[in-house]
>>> print(open('start_1.cif').read())   # mmCIF, C-alpha atoms
data_start
loop_
_atom_site.label_atom_id
_atom_site.label_comp_id
_atom_site.auth_asym_id
_atom_site.auth_seq_id
_atom_site.Cartn_x
_atom_site.Cartn_y
_atom_site.Cartn_z
CA MET A 1 -65.32 13.52 -34.77
CA LEU A 2 -66.00 14.45 -38.39
CA THR A 3 -67.19 12.18 -41.16
CA VAL A 4 -65.17 12.71 -44.33
CA SER A 5 -66.94 11.90 -47.59
CA SER A 6 -64.46 13.07 -50.24
CA ASP A 7 -60.80 13.83 -50.77
CA LYS A 8 -60.99 17.59 -50.98
CA CYS A 9 -58.68 20.23 -49.53
CA ASN A 10 -58.45 23.98 -49.85
CA PHE A 11 -55.50 26.39 -49.86
CA PRO A 12 -57.25 29.74 -49.26
CA ALA A 13 -56.30 33.10 -50.72
CA THR A 14 -55.50 34.39 -47.22
CA MET A 15 -52.84 31.70 -46.91
CA TRP A 16 -51.26 32.46 -50.27
CA ARG A 17 -51.03 36.15 -49.34
CA ALA A 18 -49.46 35.39 -45.99
CA VAL A 19 -46.92 32.99 -47.49
CA ARG A 20 -45.92 35.64 -50.02
CA VAL A 21 -45.42 38.28 -47.31
CA ALA A 22 -43.47 35.74 -45.26
CA GLY A 23 -41.00 35.54 -48.12
CA ILE A 24 -41.93 32.95 -50.77
CA GLU A 25 -43.74 33.60 -54.06
CA PRO A 26 -46.73 31.34 -54.82
CA ALA A 27 -45.50 30.72 -58.37
CA ALA A 28 -42.19 29.39 -57.04
CA ILE A 29 -44.02 27.10 -54.61
CA LEU A 30 -46.28 25.66 -57.28
CA HIS A 31 -43.34 25.14 -59.64
CA GLU A 32 -41.47 23.26 -56.93
CA ALA A 33 -44.62 21.23 -56.18
CA GLY A 34 -45.13 20.35 -59.84
CA LEU A 35 -48.61 21.89 -59.87
CA PRO A 36 -50.18 24.40 -62.31
CA ALA A 37 -48.73 27.85 -61.71
CA THR A 38 -52.19 29.43 -61.71
CA ILE A 39 -53.72 27.57 -58.76
CA HIS A 40 -53.11 30.45 -56.37
CA LEU A 41 -55.23 32.75 -58.55
CA ASP A 42 -58.35 30.70 -57.88
CA PRO A 43 -58.71 29.95 -54.14
CA SER A 44 -61.75 27.76 -54.82
CA THR A 45 -59.56 25.25 -56.64
CA PRO A 46 -60.16 21.84 -55.04
CA LEU A 47 -56.99 19.95 -54.14
CA THR A 48 -56.47 16.33 -53.23
CA THR A 49 -54.73 15.59 -49.95
CA ASN A 50 -51.55 14.67 -51.80
CA GLN A 51 -51.62 17.92 -53.80
CA TYR A 52 -52.18 19.87 -50.60
CA PHE A 53 -49.23 18.10 -48.99
CA SER A 54 -47.05 18.75 -52.06
CA ILE A 55 -47.57 22.50 -51.62
CA TRP A 56 -46.34 22.35 -48.02
CA ARG A 57 -43.39 20.14 -48.97
CA ALA A 58 -42.47 22.67 -51.64
CA ILE A 59 -42.52 25.44 -49.03
CA GLU A 60 -40.26 23.36 -46.80
CA ALA A 61 -37.86 22.88 -49.73
CA LEU A 62 -37.74 26.63 -50.37
CA THR A 63 -36.95 27.69 -46.81
CA ASP A 64 -34.60 26.45 -44.11
CA ASP A 65 -36.52 28.34 -41.42
CA CYS A 66 -37.80 25.86 -38.82
CA CYS A 67 -40.26 28.50 -37.61
CA PHE A 68 -41.66 29.48 -40.99
CA ALA A 69 -45.16 28.44 -39.92
CA MET A 70 -45.03 31.05 -37.19
CA ARG A 71 -43.87 33.64 -39.76
CA ILE A 72 -46.99 32.83 -41.81
CA VAL A 73 -49.24 33.51 -38.81
CA THR A 74 -47.47 36.83 -38.19
CA ALA A 75 -47.68 37.78 -41.88
CA ALA A 76 -51.43 37.13 -41.81
CA ASP A 77 -51.77 39.99 -39.34
CA SER A 78 -51.21 42.36 -42.27
CA THR A 79 -52.73 40.28 -45.10
CA GLY A 80 -55.82 38.97 -43.33
CA HIS A 81 -56.54 35.82 -41.33
CA GLN A 82 -58.88 33.00 -42.31
CA PRO A 83 -62.54 33.61 -41.31
CA GLY A 84 -62.46 30.86 -38.68
CA PHE A 85 -59.54 32.47 -36.88
CA THR A 86 -61.09 35.95 -37.01
CA ALA A 87 -64.44 34.67 -35.76
CA GLY A 88 -62.70 32.79 -32.96
CA LEU A 89 -61.29 35.99 -31.49
CA TYR A 90 -64.86 37.08 -30.64
CA ALA A 91 -65.82 33.75 -29.05
CA GLN A 92 -66.91 33.30 -25.46
CA ASN A 93 -63.71 31.55 -24.37
CA PHE A 94 -60.76 29.57 -25.71
CA ARG A 95 -62.78 26.37 -25.91
CA ASP A 96 -65.54 28.05 -27.93
CA ALA A 97 -62.95 29.68 -30.20
CA ILE A 98 -61.26 26.37 -31.01
CA SER A 99 -64.62 24.79 -31.76
CA ARG A 100 -65.50 27.54 -34.22
CA LEU A 101 -62.09 27.46 -35.92
CA LEU A 102 -62.12 23.70 -36.40
CA HIS A 103 -65.75 23.67 -37.56
CA LEU A 104 -65.03 26.11 -40.38
CA LYS A 105 -61.87 24.21 -41.38
CA SER A 106 -63.88 21.01 -41.61
CA MET A 107 -66.20 22.60 -44.18
CA VAL A 108 -63.42 22.96 -46.77
CA SER A 109 -61.03 20.11 -46.03
CA SER A 110 -60.97 16.31 -45.86
CA GLU A 111 -58.87 16.36 -42.71
CA LYS A 112 -60.33 14.53 -39.72
CA ILE A 113 -59.97 16.53 -36.50
CA TRP A 114 -59.93 14.60 -33.25
CA SER A 115 -59.80 15.72 -29.64
CA GLN A 116 -59.95 14.11 -26.23
CA GLU A 117 -60.23 15.44 -22.71
CA GLU A 118 -59.42 13.59 -19.53
CA GLY A 119 -57.57 14.16 -16.28
CA GLY A 120 -57.74 17.94 -16.66
CA LEU A 121 -55.99 17.87 -20.05
CA TRP A 122 -57.38 18.58 -23.52
CA THR A 123 -55.55 17.19 -26.56
CA MET A 124 -56.16 17.65 -30.26
CA GLY A 125 -54.69 16.37 -33.49
CA ARG A 126 -55.83 15.40 -36.96
CA ASP A 127 -55.70 12.51 -39.38
CA TRP A 128 -55.87 12.46 -43.17
CA PRO A 129 -58.03 9.56 -44.41
CA TYR A 130 -56.91 9.95 -48.03
CA ALA A 131 -53.20 10.55 -47.41
CA THR A 132 -50.61 8.21 -48.90
CA GLU A 133 -47.72 9.92 -47.12
CA THR A 134 -47.08 11.68 -43.82
CA GLU A 135 -48.27 15.23 -43.28
CA PRO A 136 -45.48 17.80 -43.86
CA ALA A 137 -43.99 19.23 -40.67
CA ILE A 138 -44.78 22.83 -41.58
CA SER A 139 -48.47 22.01 -42.08
CA ILE A 140 -48.62 20.49 -38.59
CA ASP A 141 -46.73 23.43 -37.09
CA LEU A 142 -49.12 25.93 -38.68
CA THR A 143 -52.21 24.21 -37.28
CA PHE A 144 -50.76 24.14 -33.77
CA ALA A 145 -49.58 27.76 -34.08
CA LEU A 146 -53.03 28.96 -35.18
CA VAL A 147 -54.71 27.26 -32.23
CA LEU A 148 -52.14 28.60 -29.78
CA GLU A 149 -52.26 32.14 -31.20
CA LEU A 150 -56.03 32.07 -30.99
CA GLY A 151 -55.80 31.33 -27.29
CA ARG A 152 -53.10 33.88 -26.59
CA ARG A 153 -54.73 36.71 -28.50
CA GLY A 154 -58.27 35.94 -27.42
CA THR A 155 -57.48 35.75 -23.70
CA GLY A 156 -54.70 38.33 -23.72
CA ARG A 157 -52.59 35.90 -21.70
CA ALA A 158 -49.34 34.08 -22.47
CA ILE A 159 -50.97 30.66 -22.62
CA THR A 160 -48.56 27.77 -23.09
CA PRO A 161 -49.44 24.18 -24.04
CA VAL A 162 -48.71 21.38 -21.59
CA SER A 163 -46.91 19.53 -24.37
CA VAL A 164 -46.46 19.32 -28.14
CA GLU A 165 -45.88 15.93 -29.76
CA TYR A 166 -44.39 15.21 -33.17
CA THR A 167 -43.94 11.90 -34.94
CA ARG A 168 -40.99 13.35 -36.84
CA ARG A 169 -37.41 12.97 -35.72
CA TRP A 170 -35.75 15.51 -33.48
CA THR A 171 -34.60 18.65 -35.25
CA ARG A 172 -32.48 21.38 -33.75
CA CYS A 173 -34.66 24.46 -33.45
CA GLU A 174 -34.49 26.37 -30.19
CA ASP A 175 -36.90 28.99 -31.52
CA LEU A 176 -39.63 26.38 -31.97
CA ALA A 177 -39.45 25.25 -28.34
CA GLY A 178 -39.23 28.88 -27.27
CA TYR A 179 -42.38 29.75 -29.20
CA TYR A 180 -44.44 27.01 -27.57
CA GLY A 181 -42.90 27.54 -24.15
CA CYS A 182 -43.29 23.87 -23.25
CA GLU A 183 -41.74 20.48 -23.79
CA VAL A 184 -41.63 19.41 -27.44
CA LYS A 185 -41.56 15.63 -27.85
CA PHE A 186 -40.12 14.18 -31.04
CA GLY A 187 -40.49 10.60 -32.23
CA SER A 188 -43.93 10.35 -30.65
CA SER A 189 -46.69 8.03 -31.82
CA ARG A 190 -48.86 11.00 -32.86
CA ASN A 191 -48.86 14.68 -33.78
CA ALA A 192 -50.78 16.42 -31.02
CA ILE A 193 -50.94 19.54 -28.89
CA THR A 194 -52.18 19.39 -25.29
CA PHE A 195 -53.55 22.19 -23.10
CA ASP A 196 -54.63 22.40 -19.48
CA SER A 197 -58.43 22.18 -19.56
CA ALA A 198 -58.62 25.20 -17.26
CA ASP A 199 -56.98 27.34 -19.97
CA LEU A 200 -59.75 26.44 -22.40
CA ASP A 201 -62.31 28.02 -20.08
CA ILE A 202 -60.54 31.37 -19.80
CA PRO A 203 -63.03 33.98 -21.09
CA PHE A 204 -62.26 36.19 -24.07
CA PRO A 205 -62.63 39.91 -23.18
CA GLY A 206 -63.65 40.62 -26.78
CA TYR A 207 -66.61 38.24 -26.68
CA CYS A 208 -69.38 39.55 -28.94
CA PRO A 209 -72.32 37.18 -29.54
CA GLU A 210 -73.95 39.55 -32.03
CA PHE A 211 -70.84 39.59 -34.22
CA LEU A 212 -70.47 35.82 -33.94
CA GLU A 213 -74.05 35.32 -35.07
CA LEU A 214 -73.52 37.70 -37.97
CA ILE A 215 -70.31 36.12 -39.21
CA ALA A 216 -71.60 32.57 -38.73
CA THR A 217 -74.72 33.34 -40.76
CA SER A 218 -72.72 35.14 -43.45
CA LEU A 219 -70.18 32.34 -43.83
CA GLN A 220 -72.85 29.66 -43.98
CA LYS A 221 -74.72 31.61 -46.66
CA ALA A 222 -71.50 32.15 -48.61
CA PHE A 223 -70.78 28.41 -48.63
CA GLU A 224 -74.35 27.62 -49.70
CA ASP A 225 -74.36 30.30 -52.42
CA GLN A 226 -71.03 29.07 -53.75
CA ARG A 227 -72.35 25.54 -54.07
CA ALA A 228 -75.66 26.65 -55.58
CA SER A 229 -74.20 29.11 -58.09
CA ALA A 230 -71.48 26.83 -59.44
CA THR A 231 -72.84 26.15 -62.91
CA VAL A 232 -71.27 23.44 -65.02
CA SER A 233 -69.82 26.14 -67.26
CA GLU A 234 -68.10 27.80 -64.29
CA ARG A 235 -66.76 24.46 -63.07
CA VAL A 236 -65.47 23.65 -66.55
CA LYS A 237 -63.72 27.01 -66.84
CA GLY A 238 -62.14 26.52 -63.42
CA ALA A 239 -60.80 23.12 -64.45
CA MET A 240 -59.54 24.54 -67.74
CA LYS A 241 -57.63 27.29 -65.96
CA ARG A 242 -55.95 24.76 -63.70
CA ALA A 243 -54.96 22.63 -66.69
CA MET A 244 -53.97 25.50 -68.98
CA ALA A 245 -50.20 25.48 -68.39
CA SER A 246 -49.94 21.74 -69.05
CA GLY A 247 -51.77 22.08 -72.36
CA ARG A 248 -54.04 19.18 -71.33
CA TYR A 249 -57.44 20.83 -71.43
CA GLU A 250 -59.20 18.57 -73.92
CA ILE A 251 -62.69 17.45 -72.94
CA ALA A 252 -61.59 13.96 -71.89
CA VAL A 253 -59.26 15.44 -69.26
CA ILE A 254 -61.74 18.04 -67.99
CA SER A 255 -64.67 15.63 -67.81
CA SER A 256 -62.53 13.20 -65.83
CA GLU A 257 -61.56 15.90 -63.33
CA LEU A 258 -65.22 16.86 -62.88
CA GLY A 259 -66.22 13.25 -62.35
CA MET A 260 -68.53 12.79 -65.34
CA SER A 261 -68.41 11.22 -68.79
CA GLU A 262 -67.58 13.24 -71.89
CA ARG A 263 -71.11 12.75 -73.20
CA THR A 264 -72.69 13.96 -69.96
CA LEU A 265 -70.40 16.98 -69.79
CA GLN A 266 -71.15 17.89 -73.40
CA ARG A 267 -74.90 17.60 -72.75
CA ARG A 268 -74.71 19.76 -69.60
CA ILE A 269 -72.73 22.42 -71.46
CA THR A 270 -75.29 22.46 -74.28
CA GLU A 271 -78.09 22.84 -71.72
CA GLU A 272 -76.41 26.04 -70.54
CA ALA A 273 -76.47 27.39 -74.11
CA THR A 274 -72.74 27.41 -74.77
CA THR A 275 -70.00 25.24 -76.26
CA TYR A 276 -66.80 23.69 -75.00
CA ARG A 277 -64.71 25.84 -77.34
CA ALA A 278 -66.46 29.03 -76.21
CA LEU A 279 -65.77 28.16 -72.58
CA LEU A 280 -62.11 27.53 -73.40
CA VAL A 281 -61.81 30.98 -74.96
CA GLU A 282 -63.52 32.58 -71.94
CA ALA A 283 -61.33 30.68 -69.47
CA ARG A 284 -58.14 31.65 -71.28
CA ARG A 285 -59.18 35.30 -71.52
CA GLU A 286 -60.21 35.53 -67.84
CA LEU A 287 -57.00 33.86 -66.71
CA CYS A 288 -54.97 36.10 -68.98
CA MET A 289 -56.36 39.25 -67.33
CA GLN A 290 -55.59 37.85 -63.88
CA LEU A 291 -52.02 37.09 -64.85
CA LEU A 292 -51.41 40.41 -66.59
CA ALA A 293 -52.60 42.22 -63.46
CA ASN A 294 -49.46 40.87 -61.74
CA PRO A 295 -46.63 43.23 -62.87
CA HIS A 296 -44.00 40.72 -61.78
CA LEU A 297 -44.99 38.15 -64.41
CA ASP A 298 -43.14 38.35 -67.72
CA ILE A 299 -45.47 38.42 -70.75
CA ASP A 300 -43.60 35.56 -72.46
CA HIS A 301 -44.10 33.50 -69.30
CA ILE A 302 -47.81 34.38 -69.27
CA ALA A 303 -48.13 33.13 -72.85
CA SER A 304 -46.63 29.81 -71.76
CA MET A 305 -48.89 29.60 -68.69
CA LEU A 306 -51.90 30.08 -70.98
CA GLY A 307 -50.85 27.13 -73.14
CA TYR A 308 -49.73 29.07 -76.21
CA GLN A 309 -46.97 27.46 -78.26
CA THR A 310 -45.47 30.82 -79.23
CA THR A 311 -45.61 34.36 -77.89
CA THR A 312 -46.67 35.54 -81.34
CA SER A 313 -49.86 33.47 -81.25
CA PHE A 314 -50.63 34.87 -77.79
CA TYR A 315 -50.18 38.46 -79.00
CA ARG A 316 -52.46 37.76 -81.96
CA ALA A 317 -55.21 36.32 -79.74
CA PHE A 318 -54.95 39.15 -77.24
CA LYS A 319 -55.20 41.74 -79.97
CA GLU A 320 -58.46 40.14 -81.09
CA TRP A 321 -59.81 40.29 -77.51
CA GLU A 322 -58.80 43.80 -76.51
CA ASP A 323 -57.65 45.54 -79.71
CA VAL A 324 -54.36 46.43 -77.98
CA SER A 325 -51.19 44.49 -77.18
CA PRO A 326 -50.74 42.80 -73.77
CA GLY A 327 -48.08 45.36 -72.85
CA GLU A 328 -50.33 48.29 -73.75
CA TRP A 329 -53.23 46.77 -71.80
CA ARG A 330 -51.02 46.28 -68.74
CA ALA A 331 -49.63 49.83 -68.90
CA HIS A 332 -53.10 51.38 -69.25
CA ASN A 333 -54.64 49.33 -66.45
CA SER A 334 -51.67 49.91 -64.14
CA VAL A 335 -52.24 53.65 -64.54
CA SER A 336 -55.98 53.24 -63.95
CA LEU A 337 -55.46 51.22 -60.81
CA SER A 338 -52.97 53.69 -59.38
CA HIS A 339 -55.45 56.59 -59.44
#
>>> encode(input="start_1.cif", output="structure tokens")
Amino acid sequence: MLTVSSDKCNFPATMWRAVRVAGIEPAAILHEAGLPATIHLDPSTPLTTNQYFSIWRAIEALTDDCCFAMRIVTAADSTGHQPGFTAGLYAQNFRDAISRLLHLKSMVSSEKIWSQEEGGLWTMGRDWPYATETEPAISIDLTFALVLELGRRGTGRAITPVSVEYTRRWTRCEDLAGYYGCEVKFGSSRNAITFDSADLDIPFPGYCPEFLELIATSLQKAFEDQRASATVSERVKGAMKRAMASGRYEIAVISSELGMSERTLQRRITEEATTYRALLVEARRELCMQLLANPHLDIDHIASMLGYQTTTSFYRAFKEWEDVSPGEWRAHNSVSLSH
């Protein structure tokens, strides 16, 4: 059982890509959730449990597909799966694969995974220590689907759970029961998925210890490097980008988000030989280039997302940065990227 020390969740880039391919644009989701429209551009953005839940509730509001979680898993086949899932496919067996998947998830989320095994049955579920509301159904479905798909693909067999339990009320969805291939219990006291213990010990034909060692070492180093290289300036710019659309990026707001006083933040910024205003300009410029790279975003909308009161002021600032208009920059870079 994991010890959770902070309310921190992560919505990775791989998930945003899969959701988009499954049929819903990230910008629409974030608008529905009432969150900054730029969050999906920075996958390292830390989210609280409630913010994480609001994203999944927004997805539920934008689709009436009871099996949308399964569509996300399928979409990830073309957009790329999370590292834990990919690594799991090369594990020794289903049990080892689940362990690796859940371990990597625990490194970026405040969720508390639990499991129990008795009487030849293995059951898993998760709790959210910082949640103030119930976990959205689609979030639960996706977790169970990822575990089940890992077993099916890793073993090459049509593994089915013994049972799937939901605390939510019964909903009519024959496809959901058909996907699991087992009894689905609604109105249960917990959200849990149960497997026959014997299925967990089925070996994976693709087992490759050398690859597992390589990916485990690489991921661990990536996490450590990310933590070590995150200067205060980089953290400030990240917070500014998240707050940009709301127009609330004054130092009092940013220092509060980073968990330090204004005076401490100002001192740390000075120690890194820069200023708050300079970081704001850098953050806005970097975010601007990210947004302009998306041809589906209207330039007037980008100006608003960057916190500009008028499109004219945005054009003026951009001209100072790049010596061309936003439209000219986009056209030139679109041509460059296509060759």
>>> closest_residue(input="start_1.cif", among="A:Leu297, A:Ala278, A:Met289, A:Thr143", to="Pro26 in chain A", atoms="only C-alpha atoms")
A:Leu297
>>> atom_distance(input="start_1.cif", atom1="CA of Leu176 in chain A", atom2="CA of Ser109 in chain A")
26.4 Å
>>> resolve_selection(input="start_1.cif", expression="the PyMOL selection byres ((chain A and resi 164) around 10)", output="ChimeraX atom specification")
/A:123,141,144,161-163,165-166,177,180-186,188,190-195
>>> resolve_selection(input="start_1.cif", expression="the PyMOL selection byres ((chain A and resi 27-30) around 12)", output="ChimeraX atom specification")
/A:11,16-17,19-20,23-26,31-41,51-63,242,245,291,294,296-297,301-302,305
>>> write_last_selection(input="start_1.cif", atoms="C-alpha atoms", output="compact mmCIF listing (two decimals), keeping the file's coordinate frame")
# COMPACT_ATOMS: atom_id res chain seq x y z
CA PHE A 11 -55.50 26.39 -49.86
CA TRP A 16 -51.26 32.46 -50.27
CA ARG A 17 -51.03 36.15 -49.34
CA VAL A 19 -46.92 32.99 -47.49
CA ARG A 20 -45.92 35.64 -50.02
CA GLY A 23 -41.00 35.54 -48.12
CA ILE A 24 -41.93 32.95 -50.77
CA GLU A 25 -43.74 33.60 -54.06
CA PRO A 26 -46.73 31.34 -54.82
CA HIS A 31 -43.34 25.14 -59.64
CA GLU A 32 -41.47 23.26 -56.93
CA ALA A 33 -44.62 21.23 -56.18
CA GLY A 34 -45.13 20.35 -59.84
CA LEU A 35 -48.61 21.89 -59.87
CA PRO A 36 -50.18 24.40 -62.31
CA ALA A 37 -48.73 27.85 -61.71
CA THR A 38 -52.19 29.43 -61.71
CA ILE A 39 -53.72 27.57 -58.76
CA HIS A 40 -53.11 30.45 -56.37
CA LEU A 41 -55.23 32.75 -58.55
CA GLN A 51 -51.62 17.92 -53.80
CA TYR A 52 -52.18 19.87 -50.60
CA PHE A 53 -49.23 18.10 -48.99
CA SER A 54 -47.05 18.75 -52.06
CA ILE A 55 -47.57 22.50 -51.62
CA TRP A 56 -46.34 22.35 -48.02
CA ARG A 57 -43.39 20.14 -48.97
CA ALA A 58 -42.47 22.67 -51.64
CA ILE A 59 -42.52 25.44 -49.03
CA GLU A 60 -40.26 23.36 -46.80
CA ALA A 61 -37.86 22.88 -49.73
CA LEU A 62 -37.74 26.63 -50.37
CA THR A 63 -36.95 27.69 -46.81
CA ARG A 242 -55.95 24.76 -63.70
CA ALA A 245 -50.20 25.48 -68.39
CA LEU A 291 -52.02 37.09 -64.85
CA ASN A 294 -49.46 40.87 -61.74
CA HIS A 296 -44.00 40.72 -61.78
CA LEU A 297 -44.99 38.15 -64.41
CA HIS A 301 -44.10 33.50 -69.30
CA ILE A 302 -47.81 34.38 -69.27
CA MET A 305 -48.89 29.60 -68.69
>>> resolve_selection(input="start_1.cif", expression="the PyMOL selection byres ((chain A and resi 205-217) around 10)", output="PDB file with C-alpha atoms, in the frame of the given file")
ATOM      1  CA  PRO A  83     -62.540  33.610 -41.310  1.00  0.00           C
ATOM      2  CA  GLY A  84     -62.460  30.860 -38.680  1.00  0.00           C
ATOM      3  CA  THR A  86     -61.090  35.950 -37.010  1.00  0.00           C
ATOM      4  CA  ALA A  87     -64.440  34.670 -35.760  1.00  0.00           C
ATOM      5  CA  GLY A  88     -62.700  32.790 -32.960  1.00  0.00           C
ATOM      6  CA  LEU A  89     -61.290  35.990 -31.490  1.00  0.00           C
ATOM      7  CA  TYR A  90     -64.860  37.080 -30.640  1.00  0.00           C
ATOM      8  CA  ALA A  91     -65.820  33.750 -29.050  1.00  0.00           C
ATOM      9  CA  GLN A  92     -66.910  33.300 -25.460  1.00  0.00           C
ATOM     10  CA  ASN A  93     -63.710  31.550 -24.370  1.00  0.00           C
ATOM     11  CA  ALA A  97     -62.950  29.680 -30.200  1.00  0.00           C
ATOM     12  CA  ARG A 100     -65.500  27.540 -34.220  1.00  0.00           C
ATOM     13  CA  LEU A 104     -65.030  26.110 -40.380  1.00  0.00           C
ATOM     14  CA  ARG A 153     -54.730  36.710 -28.500  1.00  0.00           C
ATOM     15  CA  GLY A 154     -58.270  35.940 -27.420  1.00  0.00           C
ATOM     16  CA  THR A 155     -57.480  35.750 -23.700  1.00  0.00           C
ATOM     17  CA  GLY A 156     -54.700  38.330 -23.720  1.00  0.00           C
ATOM     18  CA  ILE A 202     -60.540  31.370 -19.800  1.00  0.00           C
ATOM     19  CA  PRO A 203     -63.030  33.980 -21.090  1.00  0.00           C
ATOM     20  CA  PHE A 204     -62.260  36.190 -24.070  1.00  0.00           C
ATOM     21  CA  SER A 218     -72.720  35.140 -43.450  1.00  0.00           C
ATOM     22  CA  LEU A 219     -70.180  32.340 -43.830  1.00  0.00           C
ATOM     23  CA  GLN A 220     -72.850  29.660 -43.980  1.00  0.00           C
ATOM     24  CA  LYS A 221     -74.720  31.610 -46.660  1.00  0.00           C
ATOM     25  CA  ALA A 222     -71.500  32.150 -48.610  1.00  0.00           C
TER      26      ALA A 222
END
>>> closest_residue(input="start_1.cif", among="A:Ala137, A:Cys173, A:Ile251, A:Leu142", to="Leu279 in chain A", atoms="only C-alpha atoms")
A:Ile251
>>> closest_residue(input="start_1.cif", among="A:Leu306, A:Leu121, A:Met70, A:Ala273", to="Val147 in chain A", atoms="only C-alpha atoms")
A:Met70
>>> closest_residue(input="start_1.cif", among="A:Asp127, A:Asp201, A:Glu234, A:Asp77", to="Thr274 in chain A", atoms="all atoms listed in the file")
A:Glu234
>>> residues_near_point(input="start_1.cif", point="(-60.7, 30.5, -65.6)", cutoff="9 Å", atoms="only C-alpha atoms", output="list of chain:residue names")
A:Asp42, A:Glu234, A:Arg235, A:Val236, A:Lys237, A:Gly238, A:Ala239, A:Met240, A:Lys241, A:Arg242, A:Leu279, A:Leu280, A:Glu282, A:Ala283, A:Arg284, A:Arg285, A:Glu286, A:Leu287, A:Cys288
